[in-house]
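my_file01.cif follows (mmCIF, C-alpha atoms):
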data_model
#
loop_
_atom_site.group_PDB
_atom_site.id
_atom_site.type_symbol
_atom_site.label_atom_id
_atom_site.label_comp_id
_atom_site.auth_asym_id
_atom_site.auth_seq_id
_atom_site.Cartn_x
_atom_site.Cartn_y
_atom_site.Cartn_z
ATOM 1 C CA MET A 1 -14.301 -20.183 -5.646
ATOM 2 C CA GLU A 2 -15.067 -16.531 -5.090
ATOM 3 C CA THR A 3 -13.647 -14.535 -2.208
ATOM 4 C CA ASN A 4 -14.987 -11.286 -0.868
ATOM 5 C CA ILE A 5 -12.369 -8.601 -0.410
ATOM 6 C CA ILE A 6 -13.122 -5.981 2.206
ATOM 7 C CA ALA A 7 -12.030 -2.553 0.996
ATOM 8 C CA PRO A 8 -10.118 -0.497 3.570
ATOM 9 C CA ASN A 9 -11.804 2.572 5.042
ATOM 10 C CA TYR A 10 -9.879 5.711 4.070
ATOM 11 C CA LYS A 11 -12.257 8.165 5.735
ATOM 12 C CA GLY A 12 -10.510 10.901 7.702
ATOM 13 C CA PHE A 13 -7.147 10.665 5.971
ATOM 14 C CA ARG A 14 -5.503 13.714 4.426
ATOM 15 C CA PHE A 15 -4.390 11.941 1.251
ATOM 16 C CA SER A 16 -6.626 10.330 -1.325
ATOM 17 C CA PRO A 17 -7.223 6.583 -1.297
ATOM 18 C CA GLU A 18 -5.290 6.330 -4.578
ATOM 19 C CA ILE A 19 -2.130 7.745 -3.018
ATOM 20 C CA ILE A 20 -2.408 5.666 0.134
ATOM 21 C CA SER A 21 -3.022 2.463 -1.793
ATOM 22 C CA HIS A 22 -0.159 3.230 -4.175
ATOM 23 C CA VAL A 23 2.237 3.811 -1.263
ATOM 24 C CA VAL A 24 1.290 0.577 0.480
ATOM 25 C CA TRP A 25 1.366 -1.349 -2.814
ATOM 26 C CA ARG A 26 4.887 -0.096 -3.595
ATOM 27 C CA TYR A 27 6.099 -0.966 -0.119
ATOM 28 C CA PHE A 28 4.914 -4.561 -0.312
ATOM 29 C CA ARG A 29 5.320 -5.241 -4.026
ATOM 30 C CA PHE A 30 8.925 -4.092 -4.342
ATOM 31 C CA SER A 31 10.145 -4.659 -0.756
ATOM 32 C CA LEU A 32 11.161 -1.031 -0.362
ATOM 33 C CA SER A 33 12.052 0.681 2.890
ATOM 34 C CA PHE A 34 9.846 3.414 4.326
ATOM 35 C CA ARG A 35 12.415 6.013 3.340
ATOM 36 C CA ASP A 36 12.665 4.634 -0.207
ATOM 37 C CA VAL A 37 8.920 5.016 -0.636
ATOM 38 C CA GLU A 38 9.106 8.513 0.867
ATOM 39 C CA GLU A 39 11.790 9.495 -1.674
ATOM 40 C CA LEU A 40 9.907 8.029 -4.641
ATOM 41 C CA LEU A 41 6.817 10.030 -3.720
ATOM 42 C CA ALA A 42 8.850 13.198 -3.163
ATOM 43 C CA GLN A 43 10.179 12.903 -6.711
ATOM 44 C CA ARG A 44 6.567 13.045 -7.878
ATOM 45 C CA GLY A 45 5.670 16.005 -5.680
ATOM 46 C CA VAL A 46 3.862 14.113 -2.907
ATOM 47 C CA VAL A 47 5.323 14.969 0.486
ATOM 48 C CA VAL A 48 4.841 12.277 3.123
ATOM 49 C CA THR A 49 7.160 11.213 5.911
ATOM 50 C CA TYR A 50 8.526 7.723 6.344
ATOM 51 C CA GLU A 51 6.530 7.576 9.576
ATOM 52 C CA THR A 52 3.328 8.137 7.602
ATOM 53 C CA VAL A 53 4.305 5.288 5.281
ATOM 54 C CA ARG A 54 4.889 3.099 8.346
ATOM 55 C CA GLN A 55 1.494 3.962 9.817
ATOM 56 C CA TRP A 56 -0.287 3.270 6.522
ATOM 57 C CA ARG A 57 1.531 -0.037 6.291
ATOM 58 C CA LEU A 58 0.274 -0.988 9.750
ATOM 59 C CA LYS A 59 -3.301 0.085 9.039
ATOM 60 C CA PHE A 60 -3.757 -1.071 5.427
ATOM 61 C CA GLY A 61 -0.844 -3.400 4.803
ATOM 62 C CA GLN A 62 -2.356 -6.757 5.629
ATOM 63 C CA THR A 63 -5.189 -6.242 3.147
ATOM 64 C CA TYR A 64 -2.762 -5.388 0.338
ATOM 65 C CA ALA A 65 -0.309 -8.140 1.231
ATOM 66 C CA ASN A 66 -3.096 -10.726 1.166
ATOM 67 C CA GLU A 67 -4.278 -9.490 -2.217
ATOM 68 C CA LEU A 68 -0.752 -9.612 -3.687
ATOM 69 C CA ARG A 69 -0.303 -13.174 -2.406
ATOM 70 C CA ARG A 70 -3.674 -14.183 -3.820
ATOM 71 C CA ARG A 71 -2.840 -12.730 -7.239
ATOM 72 C CA ARG A 72 0.570 -14.395 -7.271
ATOM 73 C CA PHE A 73 -0.998 -17.737 -6.360
ATOM 74 C CA ILE A 74 -3.613 -17.441 -9.111
ATOM 75 C CA THR A 75 -1.040 -16.597 -11.795
ATOM 76 C CA GLN A 76 1.168 -19.541 -10.801
ATOM 77 C CA GLN A 77 -1.613 -22.061 -11.339
#
In structure tokens, what does this structure look like?
Amino acid sequence: METNIIAPNYKGFRFSPEIISHVVWRYFRFSLSFRDVEELLAQRGVVVTYETVRQWRLKFGQTYANELRRRRFITQQ
């Protein structure tokens, strides 16, 4: 069974799709708080606020969460 994954639209955002996807992935994969993600990025020289992380989570989070669940389900079989 093949599923089509709709890629999120990053047009109009200040940060690159790689940074946004990495932030959202970290938030969901490791169950971090918004401020934890903010601090981890700051250590790497990327300055975002916890509010930005929250907004990205709302906009892109469901897509990433679904993909993580799908991957976990596939590896458990």
Care to translate the PyMOL selection byres ((chain A and resi 65-71) around 10) into actual residues of this file, as a list of chain:residue names?
A:Ile5, A:Val24, A:Trp25, A:Tyr27, A:Phe28, A:Arg29, A:Arg57, A:Phe60, A:Gly61, A:Gln62, A:Thr63, A:Tyr64, A:Arg72, A:Phe73, A:Ile74, A:Thr75, A:Gln76
What does the distance between CA of His22 (chain A) and CA of Arg44 (chain A) come to in Å, to one decimal place?
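Atom-to-atom, CA of His22 (chain A) to CA of Arg44 (chain A), that is 12.5 Å.
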Please measure the separation of CA of Leu40 (chain A) and CA of Pro8 (chain A), giving the value in Å to one decimal.
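Going from CA of Leu40 (chain A) over to CA of Pro8 (chain A), I get 23.3 Å.
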CA of Ile20 (chain A) and CA of Glu51 (chain A) are how many Å apart?
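If I compute the distance from CA of Ile20 (chain A) to CA of Glu51 (chain A), I get 13.1 Å.
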Could you tell me which of A:Ser21, A:Val47, A:Val53, A:Phe15 comes closest to Ser33 (chain A) if we count only C-alpha atoms?
A:Val53
Rank A:Gln77, A:Val48, A:Glu39, A:Leu32 by their smallest atom-to-atom distance to Arg14 (chain A), using all atoms listed in the file, and report the top residue only.
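Once distances to Arg14 (chain A) are computed over all atoms listed in the file, the minimum belongs to A:Val48.
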